[in-house]
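The data block below is entry-v1.cif; it holds mmCIF, N, CA and C atoms.
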data_structure
#
loop_
_atom_site.label_atom_id
_atom_site.label_comp_id
_atom_site.auth_asym_id
_atom_site.auth_seq_id
_atom_site.Cartn_x
_atom_site.Cartn_y
_atom_site.Cartn_z
N MET P 453 -164.19 4.43 -133.42
CA MET P 453 -163.52 5.06 -132.31
C MET P 453 -162.01 4.94 -132.56
N LYS P 454 -161.27 6.01 -132.28
CA LYS P 454 -159.82 6.00 -132.42
C LYS P 454 -159.20 5.93 -131.03
N VAL P 455 -158.19 5.04 -130.91
CA VAL P 455 -157.50 4.86 -129.64
C VAL P 455 -155.99 4.91 -129.87
N ILE P 456 -155.26 5.23 -128.81
CA ILE P 456 -153.81 5.22 -128.83
C ILE P 456 -153.37 3.99 -128.05
N LEU P 457 -152.62 3.11 -128.68
CA LEU P 457 -152.19 1.88 -128.04
C LEU P 457 -151.10 2.15 -127.01
N GLN P 458 -151.24 1.57 -125.83
CA GLN P 458 -150.27 1.68 -124.76
C GLN P 458 -149.36 0.45 -124.70
N GLN P 459 -149.73 -0.61 -125.44
CA GLN P 459 -148.95 -1.84 -125.53
C GLN P 459 -148.99 -2.32 -126.97
N ASP P 460 -148.04 -3.16 -127.34
CA ASP P 460 -148.07 -3.80 -128.65
C ASP P 460 -149.20 -4.82 -128.66
N MET P 461 -150.00 -4.79 -129.70
CA MET P 461 -151.09 -5.75 -129.86
C MET P 461 -150.94 -6.43 -131.22
N PRO P 462 -150.87 -7.77 -131.22
CA PRO P 462 -150.79 -8.46 -132.50
C PRO P 462 -152.06 -8.19 -133.32
N ASN P 463 -151.88 -8.03 -134.59
CA ASN P 463 -152.96 -7.78 -135.56
C ASN P 463 -153.65 -6.43 -135.35
N LEU P 464 -153.10 -5.57 -134.49
CA LEU P 464 -153.72 -4.27 -134.28
C LEU P 464 -152.72 -3.14 -134.46
N GLY P 465 -151.57 -3.23 -133.83
CA GLY P 465 -150.56 -2.20 -133.99
C GLY P 465 -149.52 -2.22 -132.89
N LYS P 466 -148.59 -1.30 -133.01
CA LYS P 466 -147.51 -1.19 -132.04
C LYS P 466 -147.81 -0.08 -131.05
N ILE P 467 -147.06 -0.06 -129.97
CA ILE P 467 -147.24 0.93 -128.92
C ILE P 467 -147.10 2.34 -129.50
N GLY P 468 -148.00 3.22 -129.10
CA GLY P 468 -147.95 4.61 -129.54
C GLY P 468 -148.67 4.90 -130.84
N SER P 469 -149.17 3.88 -131.50
CA SER P 469 -149.86 4.12 -132.77
C SER P 469 -151.34 4.41 -132.52
N ILE P 470 -151.89 5.24 -133.37
CA ILE P 470 -153.32 5.57 -133.29
C ILE P 470 -154.05 4.67 -134.28
N VAL P 471 -154.99 3.88 -133.77
CA VAL P 471 -155.72 2.93 -134.60
C VAL P 471 -157.22 3.14 -134.44
N LYS P 472 -157.95 2.78 -135.47
CA LYS P 472 -159.40 2.88 -135.43
C LYS P 472 -159.95 1.48 -135.13
N VAL P 473 -160.76 1.40 -134.08
CA VAL P 473 -161.37 0.13 -133.68
C VAL P 473 -162.87 0.33 -133.52
N ARG P 474 -163.57 -0.76 -133.42
CA ARG P 474 -165.01 -0.68 -133.17
C ARG P 474 -165.25 -0.13 -131.77
N ASP P 475 -166.35 0.57 -131.60
CA ASP P 475 -166.65 1.23 -130.33
C ASP P 475 -166.67 0.24 -129.16
N GLY P 476 -167.33 -0.88 -129.29
CA GLY P 476 -167.45 -1.84 -128.20
C GLY P 476 -166.10 -2.45 -127.83
N TYR P 477 -165.27 -2.75 -128.82
CA TYR P 477 -163.96 -3.34 -128.58
C TYR P 477 -163.07 -2.35 -127.81
N GLY P 478 -163.11 -1.11 -128.19
CA GLY P 478 -162.32 -0.10 -127.50
C GLY P 478 -162.85 0.18 -126.11
N ARG P 479 -164.16 0.39 -125.99
CA ARG P 479 -164.78 0.78 -124.72
C ARG P 479 -164.80 -0.37 -123.72
N ASN P 480 -165.02 -1.61 -124.17
CA ASN P 480 -165.20 -2.73 -123.25
C ASN P 480 -163.95 -3.59 -123.03
N PHE P 481 -162.98 -3.51 -123.94
CA PHE P 481 -161.82 -4.38 -123.82
C PHE P 481 -160.51 -3.60 -123.70
N LEU P 482 -160.22 -2.76 -124.68
CA LEU P 482 -158.91 -2.09 -124.71
C LEU P 482 -158.72 -1.06 -123.60
N ILE P 483 -159.67 -0.16 -123.44
CA ILE P 483 -159.52 0.92 -122.46
C ILE P 483 -159.57 0.42 -121.02
N PRO P 484 -160.52 -0.46 -120.63
CA PRO P 484 -160.53 -0.92 -119.23
C PRO P 484 -159.27 -1.70 -118.83
N ARG P 485 -158.67 -2.41 -119.76
CA ARG P 485 -157.47 -3.21 -119.45
C ARG P 485 -156.18 -2.39 -119.52
N GLY P 486 -156.28 -1.12 -119.89
CA GLY P 486 -155.11 -0.26 -119.97
C GLY P 486 -154.27 -0.51 -121.21
N ILE P 487 -154.81 -1.20 -122.17
CA ILE P 487 -154.09 -1.49 -123.41
C ILE P 487 -154.09 -0.26 -124.32
N ALA P 488 -155.12 0.58 -124.19
CA ALA P 488 -155.24 1.76 -125.04
C ALA P 488 -155.94 2.86 -124.26
N VAL P 489 -155.79 4.09 -124.77
CA VAL P 489 -156.52 5.24 -124.24
C VAL P 489 -157.23 5.90 -125.42
N LEU P 490 -158.27 6.62 -125.10
CA LEU P 490 -159.04 7.30 -126.13
C LEU P 490 -158.15 8.34 -126.81
N ALA P 491 -158.23 8.42 -128.13
CA ALA P 491 -157.38 9.34 -128.90
C ALA P 491 -158.05 10.71 -129.00
N ASP P 492 -158.25 11.34 -127.85
CA ASP P 492 -158.80 12.69 -127.87
C ASP P 492 -157.64 13.69 -128.04
N GLU P 493 -157.96 14.96 -128.03
CA GLU P 493 -156.96 16.00 -128.29
C GLU P 493 -155.85 16.00 -127.22
N LYS P 494 -156.22 15.86 -125.96
CA LYS P 494 -155.25 15.89 -124.87
C LYS P 494 -154.29 14.71 -124.97
N ASN P 495 -154.81 13.51 -125.14
CA ASN P 495 -153.96 12.32 -125.20
C ASN P 495 -153.08 12.33 -126.45
N THR P 496 -153.56 12.90 -127.54
CA THR P 496 -152.76 13.01 -128.75
C THR P 496 -151.59 13.96 -128.53
N ARG P 497 -151.82 15.08 -127.83
CA ARG P 497 -150.74 16.02 -127.52
C ARG P 497 -149.69 15.35 -126.62
N VAL P 498 -150.16 14.59 -125.63
CA VAL P 498 -149.24 13.88 -124.73
C VAL P 498 -148.41 12.88 -125.52
N LEU P 499 -149.04 12.16 -126.44
CA LEU P 499 -148.33 11.19 -127.27
C LEU P 499 -147.27 11.87 -128.11
N ASN P 500 -147.61 12.99 -128.75
CA ASN P 500 -146.64 13.71 -129.57
C ASN P 500 -145.47 14.21 -128.73
N HIS P 501 -145.76 14.68 -127.52
CA HIS P 501 -144.70 15.15 -126.63
C HIS P 501 -143.78 13.99 -126.24
N GLN P 502 -144.35 12.84 -125.93
CA GLN P 502 -143.55 11.67 -125.57
C GLN P 502 -142.69 11.21 -126.74
N LYS P 503 -143.21 11.30 -127.96
CA LYS P 503 -142.42 10.93 -129.13
C LYS P 503 -141.24 11.87 -129.30
N LEU P 504 -141.45 13.17 -129.08
CA LEU P 504 -140.35 14.13 -129.18
C LEU P 504 -139.28 13.86 -128.12
N LEU P 505 -139.71 13.55 -126.90
CA LEU P 505 -138.75 13.22 -125.84
C LEU P 505 -137.96 11.96 -126.19
N ALA P 506 -138.64 10.97 -126.72
CA ALA P 506 -137.97 9.73 -127.09
C ALA P 506 -136.96 9.96 -128.21
N GLN P 507 -137.31 10.81 -129.18
CA GLN P 507 -136.39 11.11 -130.27
C GLN P 507 -135.15 11.84 -129.77
N SER P 508 -135.33 12.79 -128.86
CA SER P 508 -134.18 13.52 -128.35
C SER P 508 -133.29 12.61 -127.50
N LEU P 509 -133.90 11.71 -126.73
CA LEU P 509 -133.13 10.76 -125.93
C LEU P 509 -132.35 9.82 -126.84
N ALA P 510 -132.97 9.36 -127.92
CA ALA P 510 -132.30 8.46 -128.86
C ALA P 510 -131.12 9.17 -129.53
N ALA P 511 -131.30 10.45 -129.85
CA ALA P 511 -130.21 11.21 -130.46
C ALA P 511 -129.04 11.36 -129.49
N LYS P 512 -129.33 11.61 -128.22
CA LYS P 512 -128.27 11.73 -127.22
C LYS P 512 -127.53 10.41 -127.05
N GLN P 513 -128.29 9.31 -127.02
CA GLN P 513 -127.67 8.00 -126.86
C GLN P 513 -126.79 7.65 -128.06
N LYS P 514 -127.24 8.00 -129.25
CA LYS P 514 -126.45 7.72 -130.45
C LYS P 514 -125.17 8.55 -130.45
N LYS P 515 -125.26 9.81 -130.02
CA LYS P 515 -124.08 10.66 -129.96
C LYS P 515 -123.07 10.10 -128.96
N ALA P 516 -123.55 9.66 -127.81
CA ALA P 516 -122.67 9.08 -126.80
C ALA P 516 -122.02 7.79 -127.32
N ALA P 517 -122.79 6.99 -128.04
CA ALA P 517 -122.25 5.74 -128.60
C ALA P 517 -121.19 6.04 -129.67
N MET P 518 -121.41 7.07 -130.46
CA MET P 518 -120.42 7.45 -131.49
C MET P 518 -119.12 7.92 -130.82
N GLU P 519 -119.23 8.70 -129.75
CA GLU P 519 -118.04 9.16 -129.04
C GLU P 519 -117.28 7.98 -128.43
N LEU P 520 -118.02 7.03 -127.88
CA LEU P 520 -117.38 5.84 -127.30
C LEU P 520 -116.70 5.01 -128.40
N ALA P 521 -117.31 4.91 -129.57
CA ALA P 521 -116.71 4.18 -130.68
C ALA P 521 -115.40 4.83 -131.11
N GLU P 522 -115.35 6.16 -131.11
CA GLU P 522 -114.12 6.87 -131.46
C GLU P 522 -113.04 6.62 -130.41
N LYS P 523 -113.42 6.62 -129.12
CA LYS P 523 -112.45 6.35 -128.06
C LYS P 523 -111.90 4.93 -128.19
N ILE P 524 -112.78 3.98 -128.50
CA ILE P 524 -112.34 2.59 -128.62
C ILE P 524 -111.41 2.43 -129.81
N ALA P 525 -111.73 3.07 -130.93
CA ALA P 525 -110.89 2.95 -132.12
C ALA P 525 -109.52 3.58 -131.90
N ALA P 526 -109.46 4.63 -131.08
CA ALA P 526 -108.18 5.32 -130.84
C ALA P 526 -107.29 4.55 -129.87
N ASN P 527 -107.83 3.65 -129.08
CA ASN P 527 -107.06 2.92 -128.08
C ASN P 527 -106.98 1.44 -128.44
N ALA P 528 -105.80 1.01 -128.85
CA ALA P 528 -105.58 -0.40 -129.14
C ALA P 528 -105.21 -1.11 -127.84
N VAL P 529 -105.44 -2.41 -127.80
CA VAL P 529 -105.15 -3.22 -126.63
C VAL P 529 -104.06 -4.21 -127.02
N SER P 530 -103.05 -4.34 -126.17
CA SER P 530 -101.98 -5.28 -126.49
C SER P 530 -101.76 -6.24 -125.33
N PHE P 531 -101.40 -7.45 -125.69
CA PHE P 531 -101.12 -8.51 -124.73
C PHE P 531 -99.80 -9.15 -125.10
N SER P 532 -98.99 -9.43 -124.11
CA SER P 532 -97.73 -10.12 -124.30
C SER P 532 -97.80 -11.42 -123.50
N LEU P 533 -97.90 -12.54 -124.22
CA LEU P 533 -98.12 -13.83 -123.57
C LEU P 533 -97.09 -14.85 -124.04
N LYS P 534 -96.93 -15.90 -123.26
CA LYS P 534 -96.02 -16.98 -123.63
C LYS P 534 -96.62 -17.76 -124.79
N ALA P 535 -95.75 -18.12 -125.74
CA ALA P 535 -96.21 -18.86 -126.90
C ALA P 535 -95.20 -19.96 -127.22
N GLY P 536 -95.67 -20.99 -127.91
CA GLY P 536 -94.82 -22.10 -128.31
C GLY P 536 -94.08 -21.78 -129.59
N GLU P 537 -93.42 -22.79 -130.14
CA GLU P 537 -92.62 -22.62 -131.35
C GLU P 537 -93.47 -22.28 -132.57
N ASP P 538 -94.66 -22.79 -132.64
CA ASP P 538 -95.52 -22.56 -133.80
C ASP P 538 -96.44 -21.34 -133.60
N ASP P 539 -96.03 -20.43 -132.73
CA ASP P 539 -96.76 -19.19 -132.44
C ASP P 539 -98.17 -19.42 -131.91
N ARG P 540 -98.38 -20.51 -131.26
CA ARG P 540 -99.65 -20.78 -130.58
C ARG P 540 -99.46 -20.41 -129.12
N LEU P 541 -100.44 -19.72 -128.55
CA LEU P 541 -100.37 -19.28 -127.17
C LEU P 541 -100.57 -20.46 -126.22
N PHE P 542 -99.92 -20.41 -125.07
CA PHE P 542 -100.15 -21.42 -124.05
C PHE P 542 -101.49 -21.19 -123.36
N GLY P 543 -101.94 -19.96 -123.33
CA GLY P 543 -103.26 -19.63 -122.79
C GLY P 543 -104.11 -19.08 -123.92
N SER P 544 -104.93 -18.11 -123.59
CA SER P 544 -105.73 -17.47 -124.63
C SER P 544 -106.12 -16.08 -124.16
N VAL P 545 -106.54 -15.26 -125.11
CA VAL P 545 -107.05 -13.92 -124.80
C VAL P 545 -108.57 -14.00 -124.95
N THR P 546 -109.29 -13.74 -123.87
CA THR P 546 -110.74 -13.86 -123.88
C THR P 546 -111.39 -12.47 -123.87
N VAL P 547 -112.70 -12.47 -123.95
CA VAL P 547 -113.47 -11.23 -123.90
C VAL P 547 -113.22 -10.51 -122.58
N LYS P 548 -113.14 -11.27 -121.50
CA LYS P 548 -112.90 -10.66 -120.18
C LYS P 548 -111.57 -9.94 -120.16
N ASP P 549 -110.54 -10.53 -120.77
CA ASP P 549 -109.22 -9.89 -120.82
C ASP P 549 -109.28 -8.57 -121.58
N ILE P 550 -109.99 -8.56 -122.69
CA ILE P 550 -110.11 -7.35 -123.50
C ILE P 550 -110.88 -6.28 -122.75
N VAL P 551 -111.97 -6.66 -122.09
CA VAL P 551 -112.77 -5.70 -121.32
C VAL P 551 -111.95 -5.12 -120.18
N ASP P 552 -111.17 -5.97 -119.50
CA ASP P 552 -110.33 -5.49 -118.40
C ASP P 552 -109.25 -4.53 -118.91
N ALA P 553 -108.65 -4.83 -120.07
CA ALA P 553 -107.63 -3.95 -120.63
C ALA P 553 -108.23 -2.60 -121.03
N LEU P 554 -109.44 -2.63 -121.58
CA LEU P 554 -110.11 -1.37 -121.92
C LEU P 554 -110.46 -0.58 -120.66
N ALA P 555 -110.86 -1.28 -119.61
CA ALA P 555 -111.21 -0.61 -118.35
C ALA P 555 -109.99 0.07 -117.74
N GLN P 556 -108.81 -0.50 -117.91
CA GLN P 556 -107.59 0.13 -117.41
C GLN P 556 -107.30 1.43 -118.15
N LYS P 557 -107.79 1.54 -119.38
CA LYS P 557 -107.61 2.77 -120.16
C LYS P 557 -108.76 3.74 -119.96
N GLY P 558 -109.71 3.38 -119.09
CA GLY P 558 -110.82 4.27 -118.78
C GLY P 558 -112.03 4.12 -119.70
N ILE P 559 -112.09 3.03 -120.45
CA ILE P 559 -113.21 2.78 -121.36
C ILE P 559 -114.02 1.62 -120.81
N VAL P 560 -115.27 1.88 -120.45
CA VAL P 560 -116.11 0.86 -119.85
C VAL P 560 -117.03 0.28 -120.93
N VAL P 561 -116.90 -1.02 -121.16
CA VAL P 561 -117.72 -1.74 -122.14
C VAL P 561 -118.21 -3.03 -121.49
N GLU P 562 -119.46 -3.38 -121.73
CA GLU P 562 -119.98 -4.63 -121.20
C GLU P 562 -119.41 -5.81 -121.98
N ARG P 563 -119.24 -6.94 -121.29
CA ARG P 563 -118.65 -8.13 -121.92
C ARG P 563 -119.49 -8.63 -123.09
N LYS P 564 -120.80 -8.60 -122.95
CA LYS P 564 -121.64 -9.15 -124.00
C LYS P 564 -121.72 -8.27 -125.24
N LYS P 565 -121.16 -7.08 -125.18
CA LYS P 565 -121.15 -6.18 -126.34
C LYS P 565 -120.04 -6.53 -127.32
N LEU P 566 -119.01 -7.26 -126.86
CA LEU P 566 -117.91 -7.65 -127.74
C LEU P 566 -118.27 -8.90 -128.51
N ALA P 567 -117.95 -8.91 -129.79
CA ALA P 567 -118.29 -10.04 -130.65
C ALA P 567 -117.03 -10.87 -130.94
N LEU P 568 -116.59 -11.59 -129.94
CA LEU P 568 -115.45 -12.49 -130.09
C LEU P 568 -115.98 -13.90 -129.90
N GLU P 569 -116.14 -14.63 -131.00
CA GLU P 569 -116.78 -15.93 -130.94
C GLU P 569 -115.92 -16.96 -130.20
N ASN P 570 -114.63 -16.98 -130.52
CA ASN P 570 -113.71 -17.92 -129.88
C ASN P 570 -112.55 -17.13 -129.28
N PRO P 571 -111.99 -17.58 -128.17
CA PRO P 571 -110.83 -16.89 -127.61
C PRO P 571 -109.66 -16.87 -128.59
N ILE P 572 -108.83 -15.86 -128.50
CA ILE P 572 -107.67 -15.72 -129.39
C ILE P 572 -106.58 -16.62 -128.84
N ARG P 573 -106.08 -17.53 -129.68
CA ARG P 573 -105.09 -18.51 -129.22
C ARG P 573 -103.81 -18.47 -130.03
N GLU P 574 -103.58 -17.39 -130.80
CA GLU P 574 -102.36 -17.30 -131.59
C GLU P 574 -101.89 -15.86 -131.63
N LEU P 575 -100.65 -15.67 -132.07
CA LEU P 575 -100.06 -14.34 -132.14
C LEU P 575 -100.61 -13.60 -133.36
N GLY P 576 -100.64 -12.26 -133.28
CA GLY P 576 -101.08 -11.48 -134.42
C GLY P 576 -101.89 -10.26 -133.99
N VAL P 577 -102.49 -9.65 -135.01
CA VAL P 577 -103.34 -8.48 -134.80
C VAL P 577 -104.77 -8.88 -135.16
N PHE P 578 -105.70 -8.58 -134.27
CA PHE P 578 -107.09 -8.99 -134.45
C PHE P 578 -108.01 -7.79 -134.31
N GLN P 579 -109.08 -7.80 -135.06
CA GLN P 579 -110.13 -6.78 -134.98
C GLN P 579 -111.33 -7.41 -134.28
N VAL P 580 -111.75 -6.83 -133.17
CA VAL P 580 -112.89 -7.35 -132.44
C VAL P 580 -114.01 -6.32 -132.51
N ALA P 581 -115.16 -6.73 -133.01
CA ALA P 581 -116.30 -5.82 -133.16
C ALA P 581 -116.97 -5.59 -131.81
N VAL P 582 -117.45 -4.34 -131.61
CA VAL P 582 -118.14 -3.97 -130.39
C VAL P 582 -119.47 -3.34 -130.79
N ASP P 583 -120.57 -3.89 -130.28
CA ASP P 583 -121.90 -3.33 -130.53
C ASP P 583 -122.21 -2.34 -129.42
N LEU P 584 -122.29 -1.07 -129.78
CA LEU P 584 -122.49 -0.02 -128.78
C LEU P 584 -123.93 0.44 -128.70
N GLY P 585 -124.84 -0.23 -129.36
CA GLY P 585 -126.25 0.16 -129.33
C GLY P 585 -126.51 1.32 -130.27
N SER P 586 -127.76 1.65 -130.45
CA SER P 586 -128.18 2.74 -131.34
C SER P 586 -127.61 2.56 -132.74
N SER P 587 -127.49 1.31 -133.18
CA SER P 587 -126.96 0.93 -134.49
C SER P 587 -125.56 1.49 -134.73
N VAL P 588 -124.74 1.55 -133.68
CA VAL P 588 -123.36 2.01 -133.78
C VAL P 588 -122.43 0.84 -133.50
N GLN P 589 -121.51 0.62 -134.41
CA GLN P 589 -120.53 -0.45 -134.27
C GLN P 589 -119.14 0.16 -134.11
N GLY P 590 -118.34 -0.41 -133.25
CA GLY P 590 -116.96 0.00 -133.09
C GLY P 590 -116.07 -1.22 -133.20
N THR P 591 -114.77 -1.00 -133.33
CA THR P 591 -113.84 -2.11 -133.38
C THR P 591 -112.66 -1.83 -132.46
N VAL P 592 -112.23 -2.88 -131.78
CA VAL P 592 -111.07 -2.82 -130.92
C VAL P 592 -109.95 -3.56 -131.62
N GLN P 593 -108.80 -2.92 -131.70
CA GLN P 593 -107.64 -3.60 -132.28
C GLN P 593 -106.89 -4.28 -131.15
N VAL P 594 -106.69 -5.60 -131.28
CA VAL P 594 -106.04 -6.39 -130.26
C VAL P 594 -104.72 -6.93 -130.82
N PHE P 595 -103.62 -6.52 -130.18
CA PHE P 595 -102.30 -6.99 -130.56
C PHE P 595 -101.88 -8.08 -129.58
N VAL P 596 -101.49 -9.25 -130.09
CA VAL P 596 -101.02 -10.33 -129.25
C VAL P 596 -99.59 -10.64 -129.70
N SER P 597 -98.65 -10.45 -128.77
CA SER P 597 -97.25 -10.67 -129.10
C SER P 597 -96.64 -11.71 -128.16
N LYS P 598 -95.44 -12.17 -128.54
CA LYS P 598 -94.73 -13.20 -127.77
C LYS P 598 -93.99 -12.53 -126.61
N GLN P 599 -94.00 -13.17 -125.49
CA GLN P 599 -93.34 -12.63 -124.30
C GLN P 599 -91.88 -12.96 -124.31
#

Write the structure described by the file as structure tokens, please.
Amino acid sequence: MKVILQQDMPNLGKIGSIVKVRDGYGRNFLIPRGIAVLADEKNTRVLNHQKLLAQSLAAKQKKAAMELAEKIAANAVSFSLKAGEDDRLFGSVTVKDIVDALAQKGIVVERKKLALENPIRELGVFQVAVDLGSSVQGTVQVFVSKQ
């Protein structure tokens, strides 16, 4: 019997895959629990349609992420803060500061998408990576100068 999996099953397959199972296992376990549906012509057409919709949605999301990456790359963020004699900042520039500065420029990014391991505590130019999803990476240029 061939079934279409509705959930990921260890040792059987991933969601949306068509697998061949024994008749009793499919009829008595998988189908009643909603883990799978019978792979007849109608359900196969529905599955193919859902895959096409998912592909088009993924393409739209990737395009939007690419556009956002271009906007982020075109807009640098600058901070002017008090610093000591050895060019060490009295405070620091954190992810929240960078997100707020981007938001003032009209670019909305979630805090957890920025890859800044430690706050910036010195003067200079820094590249901060931004994970925009859909395997798209962007970078924000952060300028920190003395006040």

Give me the range 498-544 of chain P side of the contact with range 585-589 of chain P, cut-off 6.5 Å, one line per residue showing its nearest atom pair and distance in Å at one decimal, counting only N, CA and C atoms, sorted by chain and residue number, as JSON lines.
{"residue": "P:Gln513", "atom": "C", "partner": "P:Ser586", "partner_atom": "CA", "distance": 6.1}
{"residue": "P:Lys514", "atom": "CA", "partner": "P:Ser586", "partner_atom": "CA", "distance": 5.3}
{"residue": "P:Ala517", "atom": "C", "partner": "P:Val588", "partner_atom": "CA", "distance": 6.2}
{"residue": "P:Met518", "atom": "N", "partner": "P:Val588", "partner_atom": "CA", "distance": 6.4}
{"residue": "P:Ala521", "atom": "CA", "partner": "P:Gln589", "partner_atom": "C", "distance": 5.8}

Hey, which of P:Leu482, P:Leu499, P:Ile524, P:Met453 ends up closest to Val582 in chain P? Count only C-alpha atoms.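 Between P:Leu482, P:Leu499, P:Ile524, P:Met453, the residue approaching Val582 in chain P most closely is P:Ile524.
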
With only N, CA and C atoms as the basis for distance, which of P:Leu575, P:Val580, P:Val455, P:Leu509 is at the shortest distance from Asp539 in chain P? P:Leu575

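When only C-alpha atoms are used to measure the gap to Ile572 in chain P, the shortest distance among P:Gln599, P:Val592, P:Lys523, P:Leu541 belongs to P:Leu541.
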
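The interatomic distance for the pair CA of Ala525 in chain P and atom C of Gly543 in chain P works out to 24.5 Å.
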
Do you know which residues are at most 8 Å from Phe531 in chain P counting all atoms listed in the file, after dropping those on the same chain fewer than 4 positions away, and could you put them as a PyMOL selection string? chain P and resi 594-599

Could you name the residues that touch Arg563 in chain P at 6.5 Å or less, counting only N, CA and C atoms, but leaving out those on the same chain fewer than 6 positions away, as a PDB file with N, CA and C atoms, in the frame of the given file?
ATOM      1  N   VAL P 547    -112.700 -12.470-123.950  1.00  0.00           N
ATOM      2  CA  VAL P 547    -113.470 -11.230-123.900  1.00  0.00           C
ATOM      3  C   VAL P 547    -113.220 -10.510-122.580  1.00  0.00           C
ATOM      4  N   LYS P 548    -113.140 -11.270-121.500  1.00  0.00           N
ATOM      5  CA  LYS P 548    -112.900 -10.660-120.180  1.00  0.00           C
ATOM      6  C   LYS P 548    -111.570  -9.940-120.160  1.00  0.00           C
ATOM      7  N   VAL P 551    -111.970  -6.660-122.090  1.00  0.00           N
ATOM      8  CA  VAL P 551    -112.770  -5.700-121.320  1.00  0.00           C
ATOM      9  C   VAL P 551    -111.950  -5.120-120.180  1.00  0.00           C
TER      10      VAL P 551
END

Suppose you want the space between atom C of Ile483 in chain P and atom N of Ser508 in chain P; what is it in Å?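 Distance reported for this atom pair: 28.3 Å.
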
Quick one: of P:Leu568, P:Ala528, P:Ala491, P:Val560, who's nearest to Thr546 in chain P, counting only N, CA and C atoms?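 Result for the nearest residue to Thr546 in chain P: P:Leu568.
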
Write out as JSON an axis-aligned box for range 585-590 of chain P: all of its atoms listed in the file, 8 Å added on each side, centre and edge lengths in Å with one decimal.
{"center_x": -122.1, "center_y": 0.8, "center_z": -132.0, "size_x": 28.1, "size_y": 20.0, "size_z": 21.4}

To one decimal place, how far is atom C of Arg497 in chain P from atom C of Lys515 in chain P in Å? 27.2 Å

Quick one: residues within 12 Å of Gln556 in chain P, only C-alpha atoms, excluding same-chain residues fewer than 5 positions away - as a PyMOL selection string? chain P and resi 527-530+549-551+561

Measuring atom to atom with only C-alpha atoms, identify which of P:Gly590, P:Gly468, P:Gly536, P:Pro571 is nearest to Ile487 in chain P.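 So, comparing all the options, the nearest one is P:Gly468.
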
Report the residues of chain P whose backbone DSSP state falls under strand (DSSP E), written as JSON, numbers by chain. {"P": [454, 455, 456, 457, 470, 471, 472, 488, 489, 490, 529, 530, 531, 532, 533, 540, 541, 542, 543, 544, 545, 566, 567, 572, 573, 574, 576, 577, 578, 579, 580, 581, 582, 583, 589, 590, 591, 592, 593, 594, 595, 596, 597, 598]}

Which residue, P:Gln593, P:Val473, P:Lys564, P:Ala535, has the smallest gap to Phe578 in chain P when you use all atoms listed in the file?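 Between P:Gln593, P:Val473, P:Lys564, P:Ala535, the residue approaching Phe578 in chain P most closely is P:Gln593.
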
Do you know which residues are at most 10 Å from Asp475 in chain P counting only C-alpha atoms, after dropping those on the same chain fewer than 3 positions away, and could you put them as a ChimeraX atom specification? /P:453-455,472,478-481

Those residues you just picked out, can you put them in a file as a PDB file, in the frame of the given file with N, CA and C atoms?
ATOM      1  N   MET P 453    -164.190   4.430-133.420  1.00  0.00           N
ATOM      2  CA  MET P 453    -163.520   5.060-132.310  1.00  0.00           C
ATOM      3  C   MET P 453    -162.010   4.940-132.560  1.00  0.00           C
ATOM      4  N   LYS P 454    -161.270   6.010-132.280  1.00  0.00           N
ATOM      5  CA  LYS P 454    -159.820   6.000-132.420  1.00  0.00           C
ATOM      6  C   LYS P 454    -159.200   5.930-131.030  1.00  0.00           C
ATOM      7  N   VAL P 455    -158.190   5.040-130.910  1.00  0.00           N
ATOM      8  CA  VAL P 455    -157.500   4.860-129.640  1.00  0.00           C
ATOM      9  C   VAL P 455    -155.990   4.910-129.870  1.00  0.00           C
ATOM     10  N   LYS P 472    -157.950   2.780-135.470  1.00  0.00           N
ATOM     11  CA  LYS P 472    -159.400   2.880-135.430  1.00  0.00           C
ATOM     12  C   LYS P 472    -159.950   1.480-135.130  1.00  0.00           C
ATOM     13  N   GLY P 478    -163.110  -1.110-128.190  1.00  0.00           N
ATOM     14  CA  GLY P 478    -162.320  -0.100-127.500  1.00  0.00           C
ATOM     15  C   GLY P 478    -162.850   0.180-126.110  1.00  0.00           C
ATOM     16  N   ARG P 479    -164.160   0.390-125.990  1.00  0.00           N
ATOM     17  CA  ARG P 479    -164.780   0.780-124.720  1.00  0.00           C
ATOM     18  C   ARG P 479    -164.800  -0.370-123.720  1.00  0.00           C
ATOM     19  N   ASN P 480    -165.020  -1.610-124.170  1.00  0.00           N
ATOM     20  CA  ASN P 480    -165.200  -2.730-123.250  1.00  0.00           C
ATOM     21  C   ASN P 480    -163.950  -3.590-123.030  1.00  0.00           C
ATOM     22  N   PHE P 481    -162.980  -3.510-123.940  1.00  0.00           N
ATOM     23  CA  PHE P 481    -161.820  -4.380-123.820  1.00  0.00           C
ATOM     24  C   PHE P 481    -160.510  -3.600-123.700  1.00  0.00           C
TER      25      PHE P 481
END

Who sits within 6 Å of Ile467 in chain P, only N, CA and C atoms, same chain under 4 positions skipped, as a list in words: Leu457, Gln458, Gln459, Asp460 and Met461 of chain P
